[in-house]
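Below: one structure, written as structure tokens.
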Amino acid sequence: MAHDSSVMQAGPGTKPGSDHAVDQHEEHPGERVYINVAIILAVVTLLEVVIYYVDAISGILVPTLIIMSLAKFVTVVGYFMHLKYDDRRFSYIFSAGLITAVAVFVAVAVMQAYEHVVEFFTAASPF
Amino acid sequence: MAHVVDIAQVQTHGAGHDAGHGHADHPPTSTGLDHRKLLMWAFLANDCMFFGALIATYMIYRGRAESVGTGPFPSEILDIPYTSVSAFVLLMSSLTMVLALAALQKGDLRGSRIWILATALLGTIFIGGQYFEFTEFYHEGLSLQTNMFGATFFTLTGFHGFHVTIGVIWLLTMLFVSLRGGLKQEDSLDLEITGLYWHFVDIVWIVIFTLVYLIPYEEVESAEPAEHARHVFDVGQRLVGVVF
């Protein structure tokens with residue numbers, strides 16, 4: 001975390017008002033970083049599409065695509081949404097929603113995969 | 001003593017560092033974070049769950065429910081090269097969005113307006129592409145009621161398109177405010193919050209693009225539908241009939 005939004009970390013010498021803004025903006029990556037990140041994202045997207053048509057790696061296509069997608073997701077959140085640089089509490093809030101969403105997905109997938117088990121418990125339930 | 005100094009700074013400097021992105025005269029907050037940005041992150045966490053539910057629904061019935069109802073099915077209808085261009089356009093709109101913010105933070109108002117306009121244009125191109133895709137699919141016989149793929153696909157991508165549309169309207173509003181002189185360097189937090197929303201619709205599309213489009217579908221061979229999928233599809237079809 002390059003900077004923290006919490007005022008409690010500001011030193012006694014920190015200037016008030018808009019100087020905070022200047023300090024904080026200097027912590028954000030500049031245009032050069034943004035453009036480099038965008039180029040990387042574009043290349044990864046291109047690779048995703050290319051490997052889709054390559055039969056030789058069809059066995060590992062799905063995990064490869066998911067890893068690439070995850071990498072793009074984390075990069076956009078970290079650099080473009082500034083979570084890498086922002087107060088960690090923003091990350092906690094966002095992660096809470098994300099983890100809940102993934103947990104719901106996994107739970108439903110497990111219920112579908114073990115449908116007979118769910119039906120067994122449903123039938124046995126007095127409700 | 002250091003603690004006392006810090007507290008004094010909280011009171012002196014208003015909403016603190018994070019509020020420093022925007023107006024320096026904001027009232028102090030108990031967290032030291034700007035509440036608008038905090039609220040946006042909470043909303044995005046909530047939207048994660050919303051899209052998580054839609055994506056989960058799509059994935060659960062992906063492949064299992066294709067044999068329910070009539071075609072066309074995803075392996076017959078999805079156009080990967082076309083959607084790849086749409087994905088690229090949305091990805092680049094994220095770049096123009098951060099460039100708009102960077103320009104505003106440096107006080108380059110003209111630059112920020114150009115990049116905001118570019119972002120809105122790229123978003124509009126994406127929506128136009130989605131409209132064209134939906135129209136093509138409909139002409140090929142795929143609708144919400146055709147089969148399970150149609151129902152889950154249009155619901156998921158339609159809600160995403162709706163989010164992008166809201167984002168474009170928001171961006172154009174920010175551009176209008178900027179042209180009226182209401183978006184200055186000290187207001188950069190306002191644009192940063194807009195950007196958070198915009199980047200979120202981008203990351204949702206990153207996930208949708210992979211899970212819906214790129215992961216290959218099995219060819220539909222068996223006409224033997226899973227019983228639960230048949231039941232869910234029947235219920236869904238009745239619900240769609242009630243709503244529309």
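So you can find residues: chains in the structure tokens are A, B, ... in the order shown, residues in each start at 1, and ligands are numbered from 1 in order.
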
Fill in: Shell of 9 Å around Thr100 in chain A, only C-alpha atoms, local chain residues under 3 positions omitted, as a PyMOL selection string
(chain A and resi 95-97+103-105) or (chain B and resi 48-49+52)

Item to complete: Name the residues in contact with Ala103 in chain B at a cut-off of 12 Å, using only C-alpha atoms, excluding same-chain residues fewer than 5 positions from it; report them as a ChimeraX atom specification.
Response: /A:25,30-31 /B:96-98,108-116,183-185,188,191-192

Print the selection's residues with N, CA and C atoms to a file, as a short mmCIF file (atom, residue, chain, number, x, y, z; two decimals), in the first residue's frame.
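Final output, saved to out_9.cif:
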```cif
data_model
loop_
_atom_site.label_atom_id
_atom_site.label_comp_id
_atom_site.auth_asym_id
_atom_site.auth_seq_id
_atom_site.Cartn_x
_atom_site.Cartn_y
_atom_site.Cartn_z
N HIS A 25 -2.14 12.24 -5.02
CA HIS A 25 -2.14 12.00 -6.45
C HIS A 25 -0.77 11.58 -6.94
N GLY A 30 1.41 6.99 -12.81
CA GLY A 30 1.24 7.98 -13.86
C GLY A 30 0.72 7.38 -15.15
N GLU A 31 0.61 8.25 -16.16
CA GLU A 31 0.07 7.81 -17.45
C GLU A 31 0.88 6.68 -18.07
N THR B 96 -8.77 4.91 -21.12
CA THR B 96 -9.14 6.32 -21.32
C THR B 96 -9.74 6.91 -20.04
N MET B 97 -10.40 6.05 -19.26
CA MET B 97 -10.99 6.52 -17.99
C MET B 97 -9.91 6.94 -17.01
N VAL B 98 -8.88 6.11 -16.85
CA VAL B 98 -7.81 6.49 -15.90
C VAL B 98 -7.01 7.68 -16.43
N ASP B 108 -5.37 19.44 -15.84
CA ASP B 108 -5.56 19.54 -17.29
C ASP B 108 -7.03 19.29 -17.63
N LEU B 109 -7.84 20.34 -17.54
CA LEU B 109 -9.29 20.19 -17.72
C LEU B 109 -9.63 19.75 -19.14
N ARG B 110 -8.96 20.35 -20.13
CA ARG B 110 -9.26 20.01 -21.52
C ARG B 110 -8.94 18.53 -21.79
N GLY B 111 -7.79 18.10 -21.29
CA GLY B 111 -7.41 16.70 -21.46
C GLY B 111 -8.41 15.76 -20.80
N SER B 112 -8.86 16.12 -19.60
CA SER B 112 -9.81 15.24 -18.90
C SER B 112 -11.12 15.15 -19.68
N ARG B 113 -11.55 16.28 -20.27
CA ARG B 113 -12.80 16.25 -21.05
C ARG B 113 -12.66 15.35 -22.28
N ILE B 114 -11.53 15.46 -22.93
CA ILE B 114 -11.31 14.63 -24.13
C ILE B 114 -11.35 13.14 -23.76
N TRP B 115 -10.69 12.80 -22.67
CA TRP B 115 -10.64 11.38 -22.28
C TRP B 115 -11.99 10.89 -21.77
N ILE B 116 -12.73 11.77 -21.09
CA ILE B 116 -14.09 11.38 -20.65
C ILE B 116 -14.95 11.09 -21.88
N LEU B 183 -16.32 20.83 -12.73
CA LEU B 183 -15.41 19.72 -12.44
C LEU B 183 -13.98 20.23 -12.56
N LYS B 184 -13.41 20.55 -11.40
CA LYS B 184 -12.06 21.10 -11.38
C LYS B 184 -11.10 20.13 -10.72
N GLN B 185 -9.85 20.55 -10.65
CA GLN B 185 -8.82 19.67 -10.10
C GLN B 185 -9.19 19.18 -8.69
N SER B 188 -11.52 16.01 -8.21
CA SER B 188 -11.12 14.79 -8.92
C SER B 188 -11.70 13.52 -8.30
N LEU B 191 -14.69 12.30 -10.18
CA LEU B 191 -14.37 11.53 -11.39
C LEU B 191 -13.78 10.17 -11.03
N GLU B 192 -13.06 10.12 -9.92
CA GLU B 192 -12.49 8.83 -9.50
C GLU B 192 -13.60 7.84 -9.17
#
```

Practice prompt. Counting only C-alpha atoms, figure out which residue out of A:Thr122, A:Tyr34, A:Tyr53, A:Val110 gets nearest to chain B.
Written response: A:Tyr34

Fill in: All alpha helix (DSSP H) positions in range 27-210 of chain B, as an NGL selection string
:B and (35-61 or 74-77 or 80-105 or 109-139 or 148-179 or 188-208)

Considering only C-alpha atoms, give me a table of residues in range 128-240 of chain B that are at most 12 Å from range 33-37 of chain B, with the closest atom pair and distance in Å for each, as JSON lines.
```
{"residue": "B:Ser188", "atom": "CA", "partner": "B:Lys37", "partner_atom": "CA", "distance": 11.7}
{"residue": "B:Leu189", "atom": "CA", "partner": "B:Lys37", "partner_atom": "CA", "distance": 7.9}
{"residue": "B:Asp190", "atom": "CA", "partner": "B:Arg36", "partner_atom": "CA", "distance": 8.7}
{"residue": "B:Leu191", "atom": "CA", "partner": "B:Lys37", "partner_atom": "CA", "distance": 10.7}
{"residue": "B:Glu192", "atom": "CA", "partner": "B:Lys37", "partner_atom": "CA", "distance": 8.5}
{"residue": "B:Ile193", "atom": "CA", "partner": "B:Lys37", "partner_atom": "CA", "distance": 6.2}
{"residue": "B:Thr194", "atom": "CA", "partner": "B:Lys37", "partner_atom": "CA", "distance": 9.8}
{"residue": "B:Gly195", "atom": "CA", "partner": "B:Lys37", "partner_atom": "CA", "distance": 10.9}
{"residue": "B:Leu196", "atom": "CA", "partner": "B:Lys37", "partner_atom": "CA", "distance": 8.9}
{"residue": "B:Tyr197", "atom": "CA", "partner": "B:Lys37", "partner_atom": "CA", "distance": 10.6}
```

Emit the selected residues as a PDB file, in the first residue's frame, including C-alpha atoms.
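Contents of part_31.pdb, freshly written:
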```
ATOM      1  CA  SER B 188     -11.116  14.788  -8.922  1.00  0.00           C
ATOM      2  CA  LEU B 189     -12.657  12.415  -6.390  1.00  0.00           C
ATOM      3  CA  ASP B 190     -15.981  12.826  -8.201  1.00  0.00           C
ATOM      4  CA  LEU B 191     -14.373  11.530 -11.393  1.00  0.00           C
ATOM      5  CA  GLU B 192     -12.489   8.831  -9.502  1.00  0.00           C
ATOM      6  CA  ILE B 193     -15.802   7.469  -8.176  1.00  0.00           C
ATOM      7  CA  THR B 194     -17.229   7.488 -11.707  1.00  0.00           C
ATOM      8  CA  GLY B 195     -14.114   5.640 -12.795  1.00  0.00           C
ATOM      9  CA  LEU B 196     -14.535   2.999 -10.096  1.00  0.00           C
ATOM     10  CA  TYR B 197     -17.970   2.175 -11.487  1.00  0.00           C
TER      11      TYR B 197
END
```
